[in-house]
Amino acid sequence: MAFDGLMVSVSGVRGRVAEALTPEVVATFAAAFGAWASRSGNHKVVVGRDSRVSGPMFTRIVHGALESVGCTVIDIGMAPTPTIQLAVEHHHAAGGLGITASHNPIEWNALKFIGPSGLFLSAAEGAEMRALLDSGIPRATWDKLGHITRDDEAVARHLEQLLALPWLDVAGIRSRRFRVALDCCHGAGAVIMPALLSELGCEVYGINMESDGRFHRPPEPVAENLGELEALVRATQAHVGFATDPDVDRLALVLDDGKAPGEDYTLAFAVRTVLRHRRGPVVTNLSTSKVVSDVADEMGVPFRFAKVGEVNVALAMRDLGATIGGEGNGGVILPELHLGRDAPLGAALMLQLMHEEGRPLSQLKAERPQYVIVKDKLDRPDAPLDAVYEALRAAFADARADTQDGLRLDWSDRWVHLRPSGTEPIVRVIAEAPTDAEARALIAQARGPLDALVSL
């Protein structure tokens with residue numbers, strides 16, 4: 001089956017609604033997933049969605065497609081992606097489908113495929129599932145069609161499991177009465193974040209809390225998109241600001257000084273919090289800031305890189321027995337809860353750290369080595385990138401090279417990473433250095449051979 005216009009990766013299958021992502025495409029992929037997931041005889045599949053305008057339509061299509069291959073659908077409605085993952089585990093389901101394009105713009109939607117362990121499908125599992133698109137999807141006869149059930153307690157269970165973490169001092173956090181500014185970006189965050197913060201005794205100032213999917217700004221929670229939240233933190237004198245993406249697996253911060261430090265600090269602060277209570281290895285992806293590895297080095301624990309993509313990090317964490325990990329985009333993964341990025345978890349860890357430290361997060365940031373991370377992107381060329389990687393390795397012979405996901409070149413205080421995106425038709429170029437000028441110089445040097453390839 002041709003995938004023209006679709007982004008097919010370990011993150012699922014994404015596309016612009018009514019262009020590459022049509023009802024027919026969604027029905028076909030959902031049926032293929034249902035047939036693949038239930039091949040062991042377990043026919044239960046959990047379905048949830050974020051707040052996107054196309055979500056209700058695609059939910060109905062997914063329901064019918066799964067019924068057509070004999071699945072018992074457990075629909076949890078609008079819910080965070082980590083809630084869907086936990087629901088798969090809770091129901092001992094064969095898998096789960098998240099109808100969400102995560103941080104992509106409003107015109108996009110997607111299917112995220114979750115295996116029986118609650119993890120996203122690996123590359124090999126995804127290939128097995130997609131093979132059914134060519135070999136033929138086995139449909140159920142009239143007497144073996146599936147049916148739809150509801151689970152309205154998935155979000156409540158997610159909160160219960162999170163608040164039950166043994167070293168999370170719920171009573172202590174409640175006693176602090178933290179003022180929290182919250183921006184849910186009209187996403188699914190509103191179904192869980194206010195409840196979590198209420199349970200933790202916070203005074204909440206919310207914006208963009210309507211879960212209608214009509215994003216009034218770019219939904220990716222990067223610093224340049226958080227000006228409204230920065231202003232709210234300053235206006236309310238909040239101790240911290242939290243921003244979630246539409247499917248609530250990423251958390252970005254605005255510190256008490258009213259400035260967004262970048263999403264990498266979410267993971268850096270989370271690692272600092274957890275390693276105080278549970279020692280062990282840390283895993284992040286190759287596009288993550290040194291602020292995370294610095295914490296691991298300071299705490300004297302092993303640190304490892306994994307390929308970009310939640311499932312790649314999760315599998316590396318599982319194999320290594322990691323204590324905590326995640327991605328520098330604000331995604332925190334704690335195996336003690338589940339092997340998936342979880343924004344509510346990230347928020348709880350920030351409040352725990354603030355409670356333990358008894359001082360502002362801006363002070364904690366100021367005490368550490370300072371870096372500037374610059375993220376660039378350009379259209380993906382039709383030609384392979386191997387020649388680009390070879391040219392850069394030759395130009396930077398003094399750097400440590402990691403080629404497991406594109407090319408990352410490392411020095412003691414800076415790095416640059418080039419890789420094709422798995423969610424958009426672009427090449428990402430990310431660099432970090434002690435100053436903005438130095439980071440941008442790395443970007444410019446890395447883009448040289450890449451621009452030459454694009455112009456061919």
# chains A, B, ... in the order shown; residues from 1 in each chain; ligands from 1
call {"tool": "select_by_dssp", "arguments": {"residues": "region 228-275 of chain A", "states": "helix (DSSP H, G or I)", "output": "list in words"}}
result
Glu228, Leu229, Glu230, Ala231, Leu232, Val233, Arg234, Ala235, Thr236, Asp264, Tyr265, Thr266, Leu267, Ala268, Phe269, Ala270, Val271, Arg272, Thr273, Val274 and Leu275 of chain A
call {"tool": "residues_around", "arguments": {"residues": "region 85-99 of chain A", "least_positions_apart": "4", "cutoff": "8 Å", "atoms": "only C-alpha atoms", "output": "ChimeraX atom specification"}}
result
/A:30,37-38,42-50,55,58-59,81,109-119,154,158,338,340
call {"tool": "atom_distance", "arguments": {"atom1": "CA of Leu163 (chain A)", "atom2": "CA of Arg52 (chain A)"}}
result
28.1 Å
call {"tool": "residues_around", "arguments": {"residues": "Glu107 (chain A)", "least_positions_apart": "3", "cutoff": "12 Å", "atoms": "only C-alpha atoms", "output": "ChimeraX atom specification"}}
result
/A:14-21,52-55,100-104,110,213-215,218-219
call {"tool": "closest_atom_pairs", "arguments": {"of": "region 345-435 of chain A", "to": "region 175-182 of chain A", "cutoff": "12 Å", "atoms": "only C-alpha atoms", "output": "tab-separated table"}}
result
residue	atom	partner	partner_atom	distance
A:Ala347	CA	A:Val180	CA	10.1
A:Ala348	CA	A:Val180	CA	11.7
A:Met350	CA	A:Val180	CA	11.0
A:Leu351	CA	A:Phe178	CA	8.0
A:Gln352	CA	A:Arg176	CA	10.3
A:Leu353	CA	A:Arg176	CA	11.9
A:Met354	CA	A:Phe178	CA	9.0
A:His355	CA	A:Arg176	CA	7.1
A:Glu356	CA	A:Arg176	CA	10.5
A:Glu357	CA	A:Arg176	CA	11.8
A:Gly358	CA	A:Arg176	CA	9.3
A:Arg359	CA	A:Arg176	CA	11.6
A:Pro360	CA	A:Phe178	CA	11.1
call {"tool": "residues_around", "arguments": {"residues": "region 62-64 of chain A", "least_positions_apart": "4", "cutoff": "10 Å", "atoms": "only C-alpha atoms", "output": "NGL selection string"}}
result
:A and (23 or 26-31 or 34 or 45 or 47 or 56-58 or 68-75 or 97 or 99 or 111 or 145-148)
call {"tool": "atom_distance", "arguments": {"atom1": "CA of Glu310 (chain A)", "atom2": "CA of Val254 (chain A)"}}
result
23.5 Å
call {"tool": "atom_distance", "arguments": {"atom1": "CA of Leu168 (chain A)", "atom2": "CA of Tyr205 (chain A)"}}
result
23.1 Å
call {"tool": "select_by_dssp", "arguments": {"residues": "region 105-319 of chain A", "states": "strand (DSSP E)", "output": "ChimeraX atom specification"}}
result
/A:108-114,147-150,179-183,203-207,240-244,251-254,282-285,303-306
call {"tool": "residues_around", "arguments": {"residues": "Ile192 (chain A)", "least_positions_apart": "5", "cutoff": "9 Å", "atoms": "only C-alpha atoms", "output": "VMD selection string"}}
result
chain A and resid 79 to 80 155 to 156 158 to 159 197 248 344
